[in-house]
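Written out below as structure tokens is the structure these notes cover.
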Amino acid sequence: MGRVPIAEGIFTWPAHEPQLIGSRCGACGIVTFPSQDSCPRCASTTMEEALLSRRGRLWAWTTQDFPPPSPPYSGPTGEDFVPFGVGYVELPGEVKVETRLTEADPEVLVHGMEMELAIVPFRTDDEGNEVVTFAFRPVA
Amino acid sequence: MDVAIVGVGLHPFGRFPGVSGIDMGAIAIRRALADAGVEWRDIQFAFGGSYEVDNPDAVVALLGLTGIPFVDVYNGCATAASALTLAANTIRLGEYDLGVAVGMDKHLPGAFSADPRSYACPSWYGELGQFVTTKFFGMKINKYMHDHGISHTTLAKVAAKNYRNGALSPNAFRRKPLAEEDILASPMLNYPLTQYMFCSPDEGAAAVVLCRAEHAHRYTDTPIYLRAATVRTRRLGAFEVHSPWLPIDETPGPTVDASRAAFEMAGIGPEDVDVIQLQDTDAGAEVIHLAENGFCADGDQEALVADGALEIDGPLPVNTDGGLIANGEPIGASGLRQVHEIVLQLRGQAGDRQVGGNPQVGYTQLYGAPGTAGVSILSR
């Protein structure tokens with residue numbers, strides 16, 4: 001039983017300091033997350049992999065207080081559901097990433113607060129592996 | 001070539017066990033035909049919008065198999081605006097003189113869901129529970145409140161207004177007024193939006209009969225002219241639903257683009273509009289859309305709502321039939337429900353909901369996934 005990522009190719013794993021894996025356009029420089037093969041701005045197909053900053057600022061946020069429709073949601077439901085925060089973290093000069101937040105308390109979350117990447121448990125798969133995902137947590 | 005609306009018809013919005021989406025579409029069309037004083041066999045073409053009904057054109061089985069070109073459209077929450085725009089353009093092009101735009105839907109209760117991959121989103125985005133439209137609306141209004149000083153009370157007041165207007169609307173889904181404190185105290189779904197601040201997917205149908213403007217008086221003494229109908233999709237940098245990422249540089253959303261294009265097409269401005277329909281997926285969306293459509297500056301909504309400006313008897317009446325919050329959202333029909341209400345208002349036939357001052361110009365706006373907006377401008 002191990003810890004497996006929710007998907008391959010979205011964050012470096014295993015890694016001492018994991019990073020999100022985006023892409024940068026070789027022609028116009030725009031950064032995307034996750035990586036994609038063509039540029040959404042200039043339509044170039046010269047996208048290169050880009051490891052993204054681990055820190056940024058909370059640009060927008062809300063809470064998910066009810067279990068999302070399943071499928072596609074594959075996390076805990078019913079009595080096991082725990083409300084979670086979700087938001088966009090702006091990684092300076094790169095991109096705004098939509099992400100789970102480790103914090104779901106509206107009294108704690110503040111627009112503009114500094115956040116850092118964390119890899120957190122999401123669910124347990126059929127083989128008993130712990131499926132982990134990326135999230136951002138407030139910098140203490 | 002100008003276009004006029006000479007008939008409108010609605011199947012009520014709500015829950016109708018045993019009545020299919022197609023049945024509702026046929027009822028709405030028959031009512032629109034009767035309103036225009038024409039027969040189905042007079043209709044030369046149609047556009048039909050739906051999310052749940054694969055082939056809205058199957059309604060011909062209930063109305064008459066006349067062989068007309070009947071094209072089905074689906075364009076997210078702007079589906080009805082798309083059907084209307086295409087129908088109007090068909091007349092503008094001179095291809096036909098008299099046609100129908102219809103929308104119908106019959107959704108299950110609960111938040112909309114789909115396969116994220118069909119929205120060009122990765123599977124993990126859905127697995128993680130982020131492929132949820134309501135949380136986008138929560139984020140957007142939460143940020144807007146922070147940036148522009150809008151209060152939770154304002155959200156509750158907007159929702160309460162729409163329930164109150166719904167109580168005056170015989171075709172509405174929710175016809176019971178709700179107090180602001182009960183709206184604020186209902187379960188939080190996506191902060192700061194509570195359950196009663198959201199609309200619900202439901203069932204219903206709406207139809208309009210359109211013709212060449214110079215023929216309008218053959219059918220009615222009170223034609224309503226479609227001065228503009230526009231549809232736009234998001235540009236890079238707009239803050240949109242189902243976006244796993246956004247670029248650093250921001251761009252106005254598709255509502256702003258559709259609105260500006262519509263005003264340009266109509267040759268008038270927001271100050272000329274007398275009665276307004278806005279996409280109130282939630283109370284926050286109505287607040288934001290008021291500014292995105294040019295009816296106020298960002299932040300002015302706080303005072304406008306406190307002063308009752310958006311009420312039926314206010315200077316900027318918005319969602320006089322209760323909007324989506326009171327009517328629910330059968331996606332294919334929603335935008336034509338908006339047009340139905342504006343037509344009644346401009347004819348002076350809106351009964352208890354009638355705005356004063358002999359309104360001359362009305363406005364409708366739709367917005368939804370995955371970043372699509374539709375606007376129409378109508379006048380006497």
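Chain identifiers are assigned as A, B, and so on, following the order in which chains appear in the structure tokens; residues are numbered from 1 within each chain, and ligands are numbered from 1 in order of appearance.
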
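Residue list for chain B within 6 Å of chain A: Gly126, Glu127, Leu128, Gly129, Gly138, Met139, Lys143, Leu189, Asn190, Tyr191, Pro244, Trp245, Leu246, Pro247 and Ile248 of chain B, counting only C-alpha atoms.
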
Could those residues be written to a file, using N, CA and C atoms, as a PDB file, in the first residue's frame?
ATOM      1  N   GLY B 126     -12.468  16.797 -12.338  1.00  0.00           N
ATOM      2  CA  GLY B 126     -13.773  16.339 -11.888  1.00  0.00           C
ATOM      3  C   GLY B 126     -13.685  15.411 -10.695  1.00  0.00           C
ATOM      4  N   GLU B 127     -12.686  14.516 -10.723  1.00  0.00           N
ATOM      5  CA  GLU B 127     -12.526  13.581  -9.600  1.00  0.00           C
ATOM      6  C   GLU B 127     -12.350  14.321  -8.279  1.00  0.00           C
ATOM      7  N   LEU B 128     -11.629  15.441  -8.337  1.00  0.00           N
ATOM      8  CA  LEU B 128     -11.351  16.194  -7.114  1.00  0.00           C
ATOM      9  C   LEU B 128     -12.551  17.004  -6.625  1.00  0.00           C
ATOM     10  N   GLY B 129     -13.610  17.059  -7.422  1.00  0.00           N
ATOM     11  CA  GLY B 129     -14.788  17.813  -6.992  1.00  0.00           C
ATOM     12  C   GLY B 129     -14.721  19.279  -7.355  1.00  0.00           C
ATOM     13  N   GLY B 138     -19.622  31.054  -6.450  1.00  0.00           N
ATOM     14  CA  GLY B 138     -19.204  31.447  -5.104  1.00  0.00           C
ATOM     15  C   GLY B 138     -17.900  32.225  -5.133  1.00  0.00           C
ATOM     16  N   MET B 139     -16.915  31.716  -5.879  1.00  0.00           N
ATOM     17  CA  MET B 139     -15.626  32.413  -5.957  1.00  0.00           C
ATOM     18  C   MET B 139     -15.769  33.781  -6.589  1.00  0.00           C
ATOM     19  N   LYS B 143     -14.987  37.233  -4.496  1.00  0.00           N
ATOM     20  CA  LYS B 143     -13.927  38.163  -4.897  1.00  0.00           C
ATOM     21  C   LYS B 143     -14.513  39.542  -5.214  1.00  0.00           C
ATOM     22  N   LEU B 189     -23.849  26.731   0.679  1.00  0.00           N
ATOM     23  CA  LEU B 189     -23.435  25.784  -0.362  1.00  0.00           C
ATOM     24  C   LEU B 189     -22.009  26.078  -0.812  1.00  0.00           C
ATOM     25  N   ASN B 190     -21.773  27.309  -1.241  1.00  0.00           N
ATOM     26  CA  ASN B 190     -20.431  27.743  -1.617  1.00  0.00           C
ATOM     27  C   ASN B 190     -20.292  29.180  -1.137  1.00  0.00           C
ATOM     28  N   TYR B 191     -19.539  29.378  -0.062  1.00  0.00           N
ATOM     29  CA  TYR B 191     -19.416  30.685   0.553  1.00  0.00           C
ATOM     30  C   TYR B 191     -19.174  31.774  -0.487  1.00  0.00           C
ATOM     31  N   PRO B 244      -9.408  25.253 -14.962  1.00  0.00           N
ATOM     32  CA  PRO B 244      -8.390  24.758 -14.038  1.00  0.00           C
ATOM     33  C   PRO B 244      -7.263  25.772 -13.802  1.00  0.00           C
ATOM     34  N   TRP B 245      -7.121  26.730 -14.718  1.00  0.00           N
ATOM     35  CA  TRP B 245      -6.125  27.784 -14.540  1.00  0.00           C
ATOM     36  C   TRP B 245      -6.612  29.029 -15.252  1.00  0.00           C
ATOM     37  N   LEU B 246      -6.028  30.156 -14.853  1.00  0.00           N
ATOM     38  CA  LEU B 246      -6.285  31.428 -15.521  1.00  0.00           C
ATOM     39  C   LEU B 246      -4.949  32.122 -15.738  1.00  0.00           C
ATOM     40  N   PRO B 247      -4.819  32.895 -16.821  1.00  0.00           N
ATOM     41  CA  PRO B 247      -3.570  33.631 -17.004  1.00  0.00           C
ATOM     42  C   PRO B 247      -3.492  34.800 -16.015  1.00  0.00           C
ATOM     43  N   ILE B 248      -2.298  35.357 -15.862  1.00  0.00           N
ATOM     44  CA  ILE B 248      -2.114  36.476 -14.932  1.00  0.00           C
ATOM     45  C   ILE B 248      -2.919  37.694 -15.383  1.00  0.00           C
TER      46      ILE B 248
END

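Interatomic distance, CA of Asp80 (chain A) against CA of Leu101 (chain A): 17.9 Å.
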
Original post:
Which residues, written as a ChimeraX atom specification, have at least one atom at most 12 Å from Asp352 (chain B), with only C-alpha atoms counted and residues fewer than 3 positions away on the same chain left out?
Top reply: /B:164-170,312-313,320-321,344-345,348-349,355-356

Dump of N, CA and C atoms for the selected residues, as a CSV table (one decimal), in the first residue's frame:
chain,number,residue,atom,x,y,z
B,164,ARG,N,-40.0,37.4,-4.3
B,164,ARG,CA,-41.2,38.3,-4.2
B,164,ARG,C,-41.8,38.5,-5.6
B,165,ASN,N,-41.0,38.7,-6.6
B,165,ASN,CA,-41.5,38.9,-7.9
B,165,ASN,C,-42.1,37.6,-8.5
B,166,GLY,N,-41.4,36.5,-8.1
B,166,GLY,CA,-42.0,35.2,-8.5
B,166,GLY,C,-43.4,34.9,-8.0
B,167,ALA,N,-43.6,35.4,-6.8
B,167,ALA,CA,-45.0,35.3,-6.2
B,167,ALA,C,-46.0,36.0,-7.0
B,168,LEU,N,-45.6,37.0,-7.8
B,168,LEU,CA,-46.5,37.7,-8.7
B,168,LEU,C,-46.6,37.1,-10.1
B,169,SER,N,-45.9,36.0,-10.3
B,169,SER,CA,-45.7,35.5,-11.6
B,169,SER,C,-46.4,34.1,-11.7
B,170,PRO,N,-47.5,34.0,-12.4
B,170,PRO,CA,-48.3,32.7,-12.4
B,170,PRO,C,-47.5,31.5,-13.0
B,312,ILE,N,-39.7,46.2,-9.0
B,312,ILE,CA,-40.6,46.5,-10.1
B,312,ILE,C,-40.9,47.9,-10.2
B,313,ASP,N,-41.0,48.6,-9.1
B,313,ASP,CA,-41.4,50.1,-9.1
B,313,ASP,C,-40.1,51.0,-9.0
B,320,THR,N,-38.3,41.0,-13.3
B,320,THR,CA,-39.6,41.3,-12.8
B,320,THR,C,-40.5,40.1,-12.6
B,321,ASP,N,-40.1,39.0,-13.3
B,321,ASP,CA,-40.9,37.7,-13.1
B,321,ASP,C,-40.2,36.8,-12.1
B,344,LEU,N,-44.1,40.9,-22.7
B,344,LEU,CA,-45.3,41.3,-21.9
B,344,LEU,C,-45.1,42.7,-21.3
B,345,GLN,N,-43.9,42.9,-20.7
B,345,GLN,CA,-43.7,44.2,-20.1
B,345,GLN,C,-43.8,45.4,-21.1
B,348,GLY,N,-47.3,46.1,-22.1
B,348,GLY,CA,-48.1,46.5,-21.0
B,348,GLY,C,-49.1,45.4,-20.5
B,349,GLN,N,-48.7,44.2,-20.7
B,349,GLN,CA,-49.5,43.0,-20.3
B,349,GLN,C,-49.0,42.2,-19.2
B,355,VAL,N,-44.2,47.1,-14.9
B,355,VAL,CA,-43.4,48.3,-14.5
B,355,VAL,C,-44.2,49.5,-15.1
B,356,GLY,N,-44.0,50.6,-14.4
B,356,GLY,CA,-44.7,51.8,-14.8
B,356,GLY,C,-43.9,52.6,-15.9

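CA of Ala326 (chain B) sits 5.8 Å away from CA of Phe173 (chain B).
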
**OP:** Could you give me, as a ChimeraX atom specification, the residues within 9 Å of Pro317 (chain B), counting only C-alpha atoms and dropping anything in the same chain fewer than 2 positions from it?
**Re:** /B:274-277,309-315,319-320,355

Original post:
When you draw a straight line from CA of Tyr196 (chain B) to CA of His107 (chain B), how long is it in Å?
Top reply: 18.6 Å

Subject >> Residues near region 47-50 of chain A, cut-off 9 Å, only C-alpha atoms, skip fewer than 6 positions along chain, as a ChimeraX atom specification >> reply: /A:20-27,29,31-32,35-39

I need the residues from that last selection saved to file as a tab-separated table (two decimals), in the first residue's frame (with C-alpha atoms), if you can.
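Now in part_38.tsv:
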chain	number	residue	atom	x	y	z
A	20	LEU	CA	3.07	21.58	-10.13
A	21	ILE	CA	3.87	20.73	-13.73
A	22	GLY	CA	2.61	23.31	-16.20
A	23	SER	CA	3.70	24.34	-19.66
A	24	ARG	CA	5.15	27.49	-21.15
A	25	CYS	CA	4.66	28.62	-24.73
A	26	GLY	CA	7.96	28.85	-26.59
A	27	ALA	CA	6.50	31.55	-28.82
A	29	GLY	CA	5.59	32.81	-23.07
A	31	VAL	CA	2.08	29.60	-18.76
A	32	THR	CA	-0.72	27.01	-18.44
A	35	SER	CA	0.44	21.35	-19.39
A	36	GLN	CA	-1.10	21.38	-22.84
A	37	ASP	CA	0.17	20.80	-26.34
A	38	SER	CA	-0.91	24.03	-27.99
A	39	CYS	CA	-0.97	27.63	-26.85

Subject >> Residues near region 220-223 of chain B, cut-off 10 Å, only C-alpha atoms, skip fewer than 4 positions along chain, as a PyMOL selection string >> reply: chain B and resi 3-7+35-37+210-211+213+215-216+343+346-348+379-380

Those residues you just picked out, can you put them in a file as a short mmCIF file (atom, residue, chain, number, x, y, z; two decimals), in the first residue's frame with C-alpha atoms?
data_model
loop_
_atom_site.label_atom_id
_atom_site.label_comp_id
_atom_site.auth_asym_id
_atom_site.auth_seq_id
_atom_site.Cartn_x
_atom_site.Cartn_y
_atom_site.Cartn_z
CA VAL B 3 -37.08 41.57 -37.07
CA ALA B 4 -40.19 41.67 -34.89
CA ILE B 5 -41.56 39.32 -32.27
CA VAL B 6 -45.28 38.89 -32.85
CA GLY B 7 -46.07 36.01 -30.52
CA ASP B 35 -50.63 34.83 -29.44
CA ALA B 36 -49.49 35.71 -32.97
CA GLY B 37 -52.73 34.53 -34.55
CA LEU B 210 -40.61 36.10 -35.24
CA CYS B 211 -41.23 37.80 -38.57
CA ALA B 213 -40.58 43.74 -39.19
CA HIS B 215 -44.97 42.25 -41.88
CA ALA B 216 -45.51 42.61 -38.14
CA VAL B 343 -42.41 41.27 -24.43
CA LEU B 346 -43.28 46.26 -23.31
CA ARG B 347 -46.86 45.46 -24.38
CA GLY B 348 -48.14 46.53 -20.96
CA SER B 379 -38.17 47.73 -28.13
CA ARG B 380 -41.68 48.91 -28.91
#

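Considering the residues B:Leu63, B:Val273, B:Ala206, B:Val53 and counting only C-alpha atoms, Glu39 (chain B) has its shortest atom-to-atom contact with B:Leu63.
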